[in-house]
>>> print(open('coords.txt').read())   # compact mmCIF, C-alpha atoms
# COMPACT_ATOMS: atom_id res chain seq x y z
CA MET O 1 15.52 -10.91 89.87
CA PHE O 2 13.43 -11.90 86.83
CA THR O 3 13.76 -12.23 83.05
CA GLY O 4 10.49 -10.72 81.84
CA LEU O 5 9.46 -14.06 80.29
CA ILE O 6 5.99 -14.69 81.71
CA GLU O 7 5.46 -18.25 82.93
CA ALA O 8 1.74 -18.26 83.63
CA ILE O 9 -1.41 -16.25 84.20
CA GLY O 10 -2.84 -16.21 87.71
CA GLU O 11 -6.28 -15.26 88.98
CA VAL O 12 -6.95 -12.72 91.71
CA ARG O 13 -9.13 -14.39 94.33
CA GLU O 14 -9.13 -11.63 96.90
CA ILE O 15 -7.48 -8.32 97.74
CA ARG O 16 -7.86 -7.01 101.29
CA ARG O 17 -6.99 -3.45 102.28
CA ALA O 18 -5.42 -2.90 105.70
CA GLY O 19 -4.89 0.82 106.19
CA SER O 20 -2.48 2.04 103.53
CA GLU O 21 -1.34 -1.51 102.64
CA ALA O 22 -3.01 -4.60 101.20
CA THR O 23 -2.88 -8.39 101.03
CA LEU O 24 -3.38 -10.14 97.72
CA MET O 25 -4.61 -13.73 97.36
CA LEU O 26 -3.77 -15.38 94.03
CA GLN O 27 -4.65 -18.70 92.49
CA MET O 28 -1.41 -20.11 91.09
CA PRO O 29 -0.98 -22.73 88.34
CA PRO O 30 -0.16 -26.31 89.44
CA PHE O 31 3.49 -26.12 88.31
CA PHE O 32 4.08 -23.29 90.80
CA SER O 33 3.84 -25.92 93.56
CA ASP O 34 7.60 -25.51 94.22
CA CYS O 35 6.96 -22.01 95.63
CA ARG O 36 7.37 -21.55 99.36
CA PRO O 37 6.60 -18.74 101.85
CA GLY O 38 9.39 -16.18 101.56
CA ASP O 39 9.85 -16.73 97.81
CA SER O 40 9.73 -13.76 95.43
CA ILE O 41 7.30 -13.73 92.55
CA ALA O 42 6.57 -11.09 89.93
CA VAL O 43 2.88 -10.16 89.67
CA ASP O 44 2.27 -8.00 86.59
CA GLY O 45 5.94 -7.12 86.86
CA VAL O 46 5.89 -6.21 90.57
CA CYS O 47 8.18 -8.22 92.84
CA LEU O 48 6.16 -9.49 95.82
CA THR O 49 6.94 -11.94 98.61
CA ILE O 50 4.76 -14.97 99.27
CA THR O 51 3.65 -14.90 102.91
CA ALA O 52 1.39 -17.96 103.04
CA ILE O 53 0.34 -20.87 100.82
CA ARG O 54 -2.79 -23.01 101.02
CA GLY O 55 -3.10 -25.47 98.16
CA ASN O 56 -2.88 -23.44 94.96
CA LEU O 57 -3.71 -20.19 96.75
CA SER O 58 -0.93 -17.83 97.79
CA ASN O 59 -1.02 -14.67 99.90
CA LEU O 60 1.28 -11.75 99.12
CA ASP O 61 1.61 -8.44 100.97
CA ILE O 62 1.57 -5.15 99.04
CA SER O 63 3.24 -2.08 100.58
CA ILE O 64 2.02 1.50 100.30
CA GLU O 65 4.93 2.32 97.93
CA THR O 66 3.91 -0.51 95.60
CA LEU O 67 0.26 0.51 95.66
CA GLU O 68 1.19 4.08 94.73
CA ARG O 69 3.60 3.19 91.92
CA SER O 70 1.82 0.27 90.26
CA THR O 71 -1.57 -0.96 89.05
CA LEU O 72 -1.93 -3.56 91.81
CA GLY O 73 -4.17 -1.33 93.91
CA GLY O 74 -6.79 -1.52 91.15
CA LEU O 75 -6.95 -5.32 91.04
CA LYS O 76 -10.30 -6.97 91.66
CA PRO O 77 -11.39 -10.58 92.33
CA GLY O 78 -11.53 -12.50 89.06
CA GLY O 79 -8.84 -10.33 87.46
CA MET O 80 -5.94 -12.00 85.69
CA VAL O 81 -2.27 -11.17 86.22
CA ASN O 82 1.07 -12.15 84.67
CA LEU O 83 3.24 -14.37 86.87
CA GLU O 84 6.96 -15.18 86.86
CA ARG O 85 9.00 -16.97 89.51
CA ALA O 86 12.39 -15.55 90.43
CA ILE O 87 15.24 -16.58 88.13
CA ARG O 88 17.76 -19.21 89.22
CA LEU O 89 21.45 -18.61 88.54
CA SER O 90 21.43 -21.71 86.32
CA ASP O 91 18.52 -20.47 84.14
CA ARG O 92 18.84 -19.05 80.65
CA LEU O 93 18.35 -15.28 80.48
CA GLY O 94 16.01 -15.16 77.51
CA GLY O 95 14.56 -11.68 78.12
CA HIS O 96 16.50 -9.05 80.02
CA LEU O 97 17.28 -8.42 83.69
CA VAL O 98 14.07 -7.27 85.37
CA SER O 99 14.19 -6.33 89.06
CA GLY O 100 10.44 -6.24 89.69
CA HIS O 101 10.81 -2.72 91.11
CA VAL O 102 8.27 -0.92 88.95
CA ASP O 103 9.19 2.69 88.11
CA GLY O 104 5.65 3.82 87.42
CA THR O 105 2.66 3.31 85.18
CA GLY O 106 1.96 4.03 81.53
CA ILE O 107 -1.31 4.27 79.64
CA LEU O 108 -2.23 2.18 76.62
CA LYS O 109 -2.82 4.71 73.85
CA SER O 110 -3.59 2.32 71.00
CA ILE O 111 -3.59 -1.36 70.08
CA GLY O 112 -3.53 -2.38 66.42
CA ARG O 113 -2.73 -5.36 64.23
CA GLU O 114 0.49 -5.48 62.25
CA GLY O 115 0.61 -8.70 60.25
CA ARG O 116 0.36 -11.61 62.70
CA SER O 117 1.51 -9.40 65.54
CA TRP O 118 0.10 -6.43 67.43
CA LEU O 119 1.55 -2.95 67.74
CA ILE O 120 0.95 -1.22 71.07
CA GLN O 121 1.55 2.45 71.79
CA ILE O 122 2.06 3.41 75.44
CA SER O 123 2.32 6.90 76.91
CA LEU O 124 4.24 7.66 80.10
CA ASP O 125 5.58 10.56 82.10
CA PRO O 126 8.60 12.35 80.55
CA SER O 127 10.52 11.68 83.79
CA LEU O 128 10.59 8.04 82.66
CA GLY O 129 10.58 8.73 78.94
CA ARG O 130 14.07 10.18 79.10
CA TYR O 131 15.42 6.67 79.74
CA LEU O 132 13.93 5.18 76.57
CA ILE O 133 16.05 4.24 73.59
CA GLU O 134 15.07 2.71 70.28
CA LYS O 135 15.66 -1.08 70.29
CA GLY O 136 16.27 -0.93 74.04
CA SER O 137 14.57 -3.20 76.56
CA ILE O 138 11.57 -2.37 78.71
CA ALA O 139 9.22 -4.38 80.95
CA VAL O 140 5.46 -3.80 80.57
CA ASP O 141 3.32 -5.62 83.14
CA GLY O 142 6.41 -7.76 83.71
CA ILE O 143 6.83 -8.67 80.02
CA SER O 144 10.27 -8.17 78.50
CA LEU O 145 9.76 -6.19 75.30
CA THR O 146 11.86 -4.32 72.74
CA ILE O 147 11.10 -0.66 72.07
CA ASN O 148 10.32 -0.12 68.37
CA ASN O 149 10.42 3.65 68.55
CA CYS O 150 10.02 6.24 71.24
CA SER O 151 9.62 9.91 72.09
CA GLU O 152 9.87 11.85 75.33
CA ASN O 153 6.47 10.69 76.52
CA SER O 154 5.55 7.53 74.59
CA PHE O 155 6.90 4.36 73.02
CA SER O 156 5.66 1.47 70.91
CA VAL O 157 6.28 -2.26 71.15
CA ALA O 158 5.37 -5.22 68.95
CA ILE O 159 3.58 -8.16 70.55
CA ILE O 160 4.06 -11.51 68.81
CA PRO O 161 1.33 -14.20 68.88
CA GLU O 162 3.20 -16.26 71.52
CA THR O 163 3.18 -13.27 73.89
CA THR O 164 -0.55 -12.68 73.34
CA ARG O 165 -1.27 -16.30 74.30
CA LYS O 166 0.86 -16.36 77.43
CA THR O 167 0.17 -12.91 78.92
CA THR O 168 -2.72 -10.64 79.82
CA LEU O 169 -1.57 -7.64 77.79
CA LEU O 170 -4.17 -7.84 75.02
CA ARG O 171 -6.95 -8.31 77.57
CA LYS O 172 -6.51 -4.62 78.36
CA LYS O 173 -8.06 -1.82 76.37
CA ALA O 174 -6.90 1.60 75.27
CA GLY O 175 -6.93 3.98 78.23
CA GLU O 176 -6.01 1.35 80.82
CA LYS O 177 -2.82 1.52 82.90
CA VAL O 178 0.17 -0.82 82.70
CA ASN O 179 3.19 -1.23 84.95
CA VAL O 180 6.46 -0.01 83.45
CA GLU O 181 10.00 -0.86 84.54
CA ILE O 182 12.82 0.94 82.75
CA ASP O 183 15.98 -0.99 81.88
CA MET O 184 18.11 -0.61 85.00
CA ILE O 185 21.31 -0.12 82.99
CA SER O 186 20.13 3.29 81.76
CA LYS O 187 19.46 4.43 85.33
CA TYR O 188 22.92 3.39 86.50
CA ILE O 189 24.50 5.29 83.60
CA GLU O 190 22.52 8.42 84.49
CA LYS O 191 23.54 8.08 88.13
CA PHE O 192 27.21 7.87 87.16
CA ILE O 193 27.05 10.86 84.85
CA ASP O 194 25.10 12.97 87.36
CA GLN O 195 27.32 12.30 90.38
CA ARG O 196 28.49 15.47 92.01
CA GLU O 197 32.13 16.38 91.77
CA GLU O 198 33.92 15.67 95.04
CA THR O 199 36.13 18.73 94.66
CA GLY O 200 33.67 20.99 92.88
CA SER O 201 30.67 23.01 93.90
CA LYS O 202 27.74 21.09 95.36
CA GLU O 203 25.62 22.48 92.56
CA GLN O 204 28.08 21.36 89.87
CA ARG O 205 27.42 17.99 88.26
CA SER O 206 29.99 15.84 86.54
CA ARG O 207 30.00 15.59 82.76
CA ILE O 208 31.70 13.23 80.37
CA ASP O 209 33.96 15.67 78.54
CA ARG O 210 37.67 16.07 77.76
CA ASP O 211 38.49 17.37 81.26
CA MET O 212 36.78 14.46 82.95
CA LEU O 213 38.41 11.86 80.67
CA THR O 214 41.83 13.40 81.30
CA ARG O 215 41.32 13.32 85.07
CA PHE O 216 40.58 9.62 84.92
CA GLY O 217 43.65 8.79 82.85
CA PHE O 218 42.32 8.96 79.31
CA GLY O 219 44.65 11.04 77.18
CA ASP O 220 47.30 13.45 78.48
CA SER O 221 47.29 16.84 80.16
CA ASP O 222 47.27 18.56 76.77
CA GLY O 223 43.97 16.87 75.87
CA HIS O 224 45.48 14.45 73.32
CA PHE O 225 43.78 11.05 73.16
>>> encode(input="coords.txt", output="structure tokens")
Amino acid sequence: MFTGLIEAIGEVREIRRAGSEATLMLQMPPFFSDCRPGDSIAVDGVCLTITAIRGNLSNLDISIETLERSTLGGLKPGGMVNLERAIRLSDRLGGHLVSGHVDGTGILKSIGREGRSWLIQISLDPSLGRYLIEKGSIAVDGISLTINNCSENSFSVAIIPETTRKTTLLRKKAGEKVNVEIDMISKYIEKFIDQREETGSKEQRSRIDRDMLTRFGFGDSDGHF
């Protein structure tokens, strides 16, 4: 589990394809020396497991699922990536809960200045856009951000100067892809609402309405609340 507060920028030293999977070699910053094989680390928002360490170089395996859902398959030697070590239970949660399980990719539509900050517009598939909510949280390349406004297939976020210094986001250009992880709370809510009725038709989905609230003890049989 992560917070979406990027700790450092790492450099891609090598990426080796092995069939449908890959192994990534990263150069880590010196203060990542506490990392050990088996530790989880977020690379551009994707949770990967360290398999080997040699000095400041770490190897991480990338599965076929991760290659298909994220931008990691397009990494090249010399490329820079956002890095965050897994959160400790004693740490402050300054961003929001980020699992590192990327939902898909978005495309940078535009990048423009807004005062001292930058305003970035990102498009994404409507299948993910339905989870967006104004002022909700979202992770872009592993960065915890707040949605300024959104539609079914796009959203905008403001990037403050501190974020531009500590992440790779503004190194990308319009038209490039970014990893997107939706706030997990919205997905759990949808799952709850869409659960099938145990006693109803298999095609019938549960809804939060008066009948449902009454069944679960809210109000009385006459529908009074």
>>> residues_around(input="coords.txt", residues="Ser144 in chain O", least_positions_apart="6", cutoff="10 Å", atoms="only C-alpha atoms", output="PDB file with C-alpha atoms, in the frame of the given file")
ATOM      1  CA  PHE O   2      13.430 -11.900  86.830  1.00  0.00           C
ATOM      2  CA  THR O   3      13.760 -12.230  83.050  1.00  0.00           C
ATOM      3  CA  GLY O   4      10.490 -10.720  81.840  1.00  0.00           C
ATOM      4  CA  LEU O   5       9.460 -14.060  80.290  1.00  0.00           C
ATOM      5  CA  ILE O   6       5.990 -14.690  81.710  1.00  0.00           C
ATOM      6  CA  GLY O  45       5.940  -7.120  86.860  1.00  0.00           C
ATOM      7  CA  GLY O  94      16.010 -15.160  77.510  1.00  0.00           C
ATOM      8  CA  GLY O  95      14.560 -11.680  78.120  1.00  0.00           C
ATOM      9  CA  HIS O  96      16.500  -9.050  80.020  1.00  0.00           C
ATOM     10  CA  LEU O  97      17.280  -8.420  83.690  1.00  0.00           C
ATOM     11  CA  VAL O  98      14.070  -7.270  85.370  1.00  0.00           C
ATOM     12  CA  SER O 137      14.570  -3.200  76.560  1.00  0.00           C
ATOM     13  CA  ILE O 138      11.570  -2.370  78.710  1.00  0.00           C
ATOM     14  CA  THR O 163       3.180 -13.270  73.890  1.00  0.00           C
ATOM     15  CA  GLU O 181      10.000  -0.860  84.540  1.00  0.00           C
ATOM     16  CA  ASP O 183      15.980  -0.990  81.880  1.00  0.00           C
TER      17      ASP O 183
END
>>> closest_residue(input="coords.txt", among="O:Ser151, O:Ser186, O:Thr167, O:Asn56", to="Gln27 in chain O", atoms="all atoms listed in the file")
O:Asn56
>>> atom_distance(input="coords.txt", atom1="CA of Glu134 in chain O", atom2="CA of Thr146 in chain O")
8.1 Å
>>> residues_around(input="coords.txt", residues="Ser33 in chain O", least_positions_apart="3", cutoff="9 Å", atoms="all atoms listed in the file", output="ChimeraX atom specification")
/O:28-30,36,55-56
>>> atom_distance(input="coords.txt", atom1="CA of Gly175 in chain O", atom2="CA of Val102 in chain O")
19.2 Å
>>> atom_distance(input="coords.txt", atom1="CA of Lys173 in chain O", atom2="CA of Thr49 in chain O")
28.7 Å
>>> residues_near_point(input="coords.txt", point="(8.8, -4.0, 104.0)", cutoff="12 Å", atoms="all atoms listed in the file", output="list in words")
Glu21, Cys47, Leu48, Thr49, Leu60, Asp61, Ile62, Ser63, Ile64, Glu65 and Thr66 of chain O
>>> closest_atom_pairs(input="coords.txt", of="range 90-162 of chain O", to="range 187-191 of chain O", cutoff="12 Å", atoms="only C-alpha atoms", output="Markdown table")
| residue | atom | partner | partner_atom | distance |
| --- | --- | --- | --- | --- |
| O:Asp103 | CA | O:Lys187 | CA | 10.8 |
| O:Ser127 | CA | O:Lys187 | CA | 11.6 |
| O:Leu128 | CA | O:Lys187 | CA | 9.9 |
| O:Gly129 | CA | O:Lys187 | CA | 11.8 |
| O:Arg130 | CA | O:Lys187 | CA | 10.0 |
| O:Tyr131 | CA | O:Lys187 | CA | 7.3 |
| O:Leu132 | CA | O:Lys187 | CA | 10.4 |
>>> write_last_selection(input="coords.txt", atoms="C-alpha atoms", output="short mmCIF file (atom, residue, chain, number, x, y, z; two decimals), in the frame of the given file")
data_model
loop_
_atom_site.label_atom_id
_atom_site.label_comp_id
_atom_site.auth_asym_id
_atom_site.auth_seq_id
_atom_site.Cartn_x
_atom_site.Cartn_y
_atom_site.Cartn_z
CA ASP O 103 9.19 2.69 88.11
CA SER O 127 10.52 11.68 83.79
CA LEU O 128 10.59 8.04 82.66
CA GLY O 129 10.58 8.73 78.94
CA ARG O 130 14.07 10.18 79.10
CA TYR O 131 15.42 6.67 79.74
CA LEU O 132 13.93 5.18 76.57
#
>>> closest_residue(input="coords.txt", among="O:Val46, O:Leu57, O:Ala52, O:Ile120", to="Glu11 in chain O", atoms="only C-alpha atoms")
O:Leu57
